[in-house]
Structures are given as C-alpha cells and as structure tokens.
>>> print(open('model_32.cif').read())   # mmCIF, C-alpha atoms
data_start
#
loop_
_atom_site.label_atom_id
_atom_site.label_comp_id
_atom_site.auth_asym_id
_atom_site.auth_seq_id
_atom_site.Cartn_x
_atom_site.Cartn_y
_atom_site.Cartn_z
CA MET A 21 91.57 126.10 110.86
CA SER A 22 90.31 126.36 107.27
CA PRO A 23 90.63 123.41 104.84
CA LYS A 24 93.64 125.09 103.20
CA GLN A 25 95.43 125.57 106.51
CA SER A 26 97.81 122.87 107.65
CA TYR A 27 98.50 124.34 111.08
CA THR A 28 96.90 126.36 113.82
CA PRO A 29 98.99 129.42 114.74
CA GLU A 30 100.30 127.48 117.78
CA GLN A 31 101.24 124.47 115.67
CA LEU A 32 102.90 126.74 113.13
CA ALA A 33 105.01 128.30 115.89
CA LYS A 34 105.98 124.81 117.15
CA ARG A 35 106.83 123.76 113.59
CA ASN A 36 109.02 126.79 113.07
CA ARG A 37 110.91 126.15 116.37
CA SER A 38 111.29 122.40 115.97
CA PRO A 39 114.73 121.03 115.06
CA TRP A 40 112.87 118.14 113.39
CA THR A 41 111.54 120.55 110.78
CA LYS A 42 115.11 121.19 109.68
CA VAL A 43 115.91 117.45 109.79
CA GLN A 44 112.95 116.76 107.48
CA ALA A 45 113.98 119.62 105.18
CA ILE A 46 117.46 118.10 104.87
CA LEU A 47 116.39 114.44 104.55
CA ALA A 48 113.66 115.00 101.95
CA PRO A 49 115.90 116.24 99.11
CA ILE A 50 118.59 113.69 99.99
CA GLN A 51 116.00 110.94 99.75
CA PHE A 52 114.71 112.34 96.46
CA LEU A 53 118.24 112.40 95.03
CA ALA A 54 118.77 108.80 96.21
CA PHE A 55 115.47 107.89 94.55
CA LEU A 56 116.54 109.44 91.22
CA ILE A 57 119.89 107.65 91.29
CA SER A 58 118.38 104.33 92.35
CA PHE A 59 115.57 104.59 89.81
CA ALA A 60 118.11 105.13 87.05
CA LEU A 61 120.26 102.22 88.26
CA VAL A 62 117.25 99.88 88.56
CA ILE A 63 116.03 100.80 85.07
CA HIS A 64 119.56 100.34 83.71
CA TYR A 65 119.75 96.88 85.29
CA LEU A 66 116.32 95.88 83.97
CA LEU A 67 117.19 97.04 80.45
CA THR A 68 120.75 95.69 80.26
CA GLY A 69 121.12 93.06 82.98
CA GLU A 70 124.27 94.91 84.10
CA ASN A 71 125.35 96.45 87.40
CA TYR A 72 122.93 94.53 89.59
CA ALA A 73 125.10 94.98 92.70
CA LEU A 74 125.08 98.75 92.25
CA ALA A 75 121.32 98.84 91.67
CA ASN A 76 120.75 96.62 94.69
CA ALA A 77 122.98 98.79 96.91
CA SER A 78 121.07 101.87 95.77
CA VAL A 79 117.78 100.21 96.71
CA LEU A 80 119.10 99.53 100.21
CA VAL A 81 120.20 103.17 100.54
CA LYS A 82 116.77 104.35 99.38
CA ILE A 83 114.97 102.06 101.84
CA SER A 84 117.24 103.25 104.66
CA LEU A 85 116.50 106.88 103.86
CA LEU A 86 112.77 106.18 103.74
CA TRP A 87 112.99 104.66 107.22
CA ALA A 88 115.04 107.63 108.47
CA ILE A 89 112.60 110.23 107.16
CA THR A 90 109.63 108.22 108.43
CA ILE A 91 111.01 107.85 111.96
CA THR A 92 112.11 111.48 112.22
CA GLY A 93 108.79 112.52 110.67
CA MET A 94 106.93 110.60 113.35
CA ILE A 95 108.92 112.42 116.04
CA TRP A 96 108.14 115.72 114.30
CA GLU A 97 104.44 114.86 114.04
CA LYS A 98 104.30 113.98 117.75
CA GLU A 99 105.99 117.28 118.66
CA ILE A 100 103.73 119.43 116.48
CA PHE A 101 100.38 117.60 116.53
CA GLY A 102 100.59 115.26 119.54
CA HIS A 103 100.33 112.09 117.39
CA TRP A 104 103.15 109.76 116.45
CA PHE A 105 101.44 108.90 113.17
CA MET A 106 98.14 109.62 111.43
CA ALA A 107 97.59 113.08 112.91
CA PRO A 108 94.41 114.41 111.28
CA GLN A 109 96.39 117.19 109.57
CA PHE A 110 98.66 114.64 107.87
CA PHE A 111 96.33 111.65 107.64
CA TRP A 112 96.47 111.12 103.87
CA GLU A 113 100.19 111.84 103.66
CA ASP A 114 100.74 109.25 106.41
CA VAL A 115 98.54 106.74 104.58
CA GLY A 116 100.68 107.34 101.48
CA ASN A 117 103.82 106.91 103.56
CA ALA A 118 102.54 103.64 105.03
CA VAL A 119 101.83 102.33 101.53
CA ALA A 120 105.30 103.38 100.34
CA MET A 121 106.90 101.78 103.42
CA PHE A 122 104.97 98.56 102.79
CA PHE A 123 106.08 98.30 99.18
CA HIS A 124 109.68 99.26 99.90
CA ASN A 125 109.92 96.67 102.66
CA LEU A 126 108.49 93.97 100.41
CA TYR A 127 112.06 93.99 99.08
CA PHE A 128 113.12 92.01 102.17
CA VAL A 129 110.21 89.58 101.82
CA ALA A 130 111.04 89.06 98.15
CA ARG A 131 114.69 88.39 99.05
CA TRP A 132 113.62 85.97 101.79
CA LEU A 133 111.34 84.19 99.30
CA ASP A 134 114.29 83.98 96.89
CA TRP A 135 112.73 85.97 94.09
CA SER A 136 114.89 86.51 91.03
CA ASP A 137 116.98 89.67 90.85
CA ARG A 138 114.85 90.87 87.95
CA ALA A 139 111.61 90.33 89.91
CA VAL A 140 112.99 92.19 92.93
CA MET A 141 114.05 95.15 90.81
CA SER A 142 110.63 95.17 89.10
CA LEU A 143 109.04 95.21 92.55
CA MET A 144 111.17 98.24 93.38
CA LEU A 145 109.70 100.11 90.42
CA VAL A 146 106.28 99.59 92.00
CA ALA A 147 107.67 100.73 95.37
CA TYR A 148 109.21 103.80 93.74
CA THR A 149 105.86 104.68 92.17
CA THR A 150 104.26 104.68 95.62
CA TYR A 151 107.11 106.89 96.86
CA LEU A 152 106.58 109.39 94.03
CA ILE A 153 102.86 109.65 94.81
CA ASN A 154 103.63 110.18 98.51
CA CYS A 155 106.37 112.68 97.66
CA GLY A 156 103.82 114.64 95.63
CA GLN A 157 101.45 114.65 98.60
CA PHE A 158 104.13 116.14 100.83
CA VAL A 159 105.18 118.71 98.23
CA MET A 160 101.58 119.91 97.91
CA LYS A 161 101.26 120.02 101.72
CA GLY A 162 104.50 122.01 101.91
CA VAL A 163 103.31 124.50 99.31
CA ARG A 164 100.07 125.04 101.25
CA ALA A 165 102.01 125.42 104.52
CA GLY A 166 104.28 127.99 102.89
CA GLN A 167 101.26 129.95 101.70
CA GLN A 168 99.83 129.81 105.21
CA ARG A 169 103.11 131.02 106.76
CA ARG A 170 103.33 133.93 104.31
CA ALA A 171 99.68 134.91 104.91
CA LEU A 172 100.19 134.80 108.67
CA ALA A 173 103.36 136.90 108.42
CA LYS A 174 101.52 139.41 106.25
CA ARG A 175 98.63 139.65 108.75
CA GLN A 176 101.09 140.10 111.63
CA ALA A 177 102.96 142.83 109.72
CA MET A 178 99.68 144.65 109.02
CA GLN A 179 98.78 144.51 112.73
CA VAL A 180 102.11 146.08 113.68
CA GLU A 181 101.56 149.04 111.32
#
>>> encode(input="model_32.cif", output="structure tokens")
Amino acid sequence: MSPKQSYTPEQLAKRNRSPWTKVQAILAPIQFLAFLISFALVIHYLLTGENYALANASVLVKISLLWAITITGMIWEKEIFGHWFMAPQFFWEDVGNAVAMFFHNLYFVARWLDWSDRAVMSLMLVAYTTYLINCGQFVMKGVRAGQQRRALAKRQAMQVE
C-alpha cells in the first residue's frame, strides 16, 4: 500500500460492502449540521446572553452525535482493519477523534464542577475547534480514499478491455 492509499484492495472491498460505511456517510453530515447549528447558538449566547437553554440543548445533541459516530466508526474500523481504534491506517484521525471526544466530554466535568454557563459555552468553542480539525482530517482521508477507489476502478476497467 503506497502512502497515498488508505486501503488494500481487500480492505477497500470490505469497506464497500460494509453497512457501517453507509452509517458513517449518513452520520457525518448530520453531525456537521448539528455542529453548525450549535456553534451559531453558542456564539449567539456568548454575544447576547440569550437563549442559553437552546444553546445548551444543541451542545448535548452535538456530543451525542459525536459519541454515535465514534462508536459506529469503531465498529467500522474493526470490520475493515481488525482494530477497534487506532488502526494504523486511521491512527492520526483516531488521535484527533480522541482529542475531540476529550474536549466535548469536559462539558460534563465542567457541569459537575459547577462552572458558569458562560465558561461552559466558552469551553464548547474549544471543543468545537478540535472537532473541526478532526473533521478536516476525515475529509482529507475521504478524498484520498475516493481517488484510490476511482484509480482501482480505472485499472480494473482497463484489464477487462
């Protein structure tokens, strides 16, 4: 496997057959939409002091979606690469995910420690920054995987001719 390849041909075939690939493809844009909405609501709260309950609810939705995509992603990773987490092919993306999970879940620690609403929402901006970085990692990985799939399909079509 070359540095630009994400999958061996066998792994690519598993990925293409896996129902978890579709689950990830559905959850990722839903989570991104939830992020955009929550980010806007958190910023609105921090700027105006209004609609805290709505911003807080959006944070809980975002954290829930991050957990859902992480758990289903771990199942997917186990199916394709034989590792629940930190498969060599997704090591840095998984590190980024672990960092994002850590910062998102600090929300519950901050609540337990009775931080102010403003401090908790500021913390979520930090968490959302880690999510954006990790999201970028996965987008780049997806672009490379798409290039690999197209190159493989082209090679297979040339062999048939």
>>> resolve_selection(input="model_32.cif", expression="the PyMOL selection byres ((chain A and resi 26-29) around 12)", output="number ranges by chain")
A: 21-25, 30-36, 97, 100-101, 107-111, 113, 158, 160-169, 171-173, 175-176
>>> closest_residue(input="model_32.cif", among="A:Arg131, A:Ala120, A:Leu80, A:Leu66", to="A:Leu152", atoms="all atoms listed in the file")
A:Ala120
>>> atom_distance(input="model_32.cif", atom1="atom CA of A:Gln157", atom2="atom CA of A:Ile63")
24.2 Å
>>> resolve_selection(input="model_32.cif", expression="the PyMOL selection byres ((chain A and resi 82) around 9)", output="list in words")
Gln51, Phe52, Ala54, Phe55, Ser58, Ala77, Ser78, Val79, Leu80, Val81, Ile83, Ser84, Leu85, Leu86, Trp87 and His124 of chain A
>>> closest_residue(input="model_32.cif", among="A:Leu53, A:Val180, A:Val43, A:Val62", to="A:Asp137", atoms="all atoms listed in the file")
A:Val62
>>> atom_distance(input="model_32.cif", atom1="atom CA of A:Met94", atom2="atom CA of A:Asn76")
27.1 Å
>>> resolve_selection(input="model_32.cif", expression="the PyMOL selection byres ((chain A and resi 39) around 12)", output="compact mmCIF listing (two decimals) with C-alpha atoms, keeping the file's coordinate frame")
# COMPACT_ATOMS: atom_id res chain seq x y z
CA LYS A 34 105.98 124.81 117.15
CA ARG A 35 106.83 123.76 113.59
CA ASN A 36 109.02 126.79 113.07
CA ARG A 37 110.91 126.15 116.37
CA SER A 38 111.29 122.40 115.97
CA TRP A 40 112.87 118.14 113.39
CA THR A 41 111.54 120.55 110.78
CA LYS A 42 115.11 121.19 109.68
CA VAL A 43 115.91 117.45 109.79
CA GLN A 44 112.95 116.76 107.48
CA ALA A 45 113.98 119.62 105.18
CA ILE A 46 117.46 118.10 104.87
CA THR A 92 112.11 111.48 112.22
CA GLY A 93 108.79 112.52 110.67
CA ILE A 95 108.92 112.42 116.04
CA TRP A 96 108.14 115.72 114.30
CA GLU A 99 105.99 117.28 118.66
CA ILE A 100 103.73 119.43 116.48
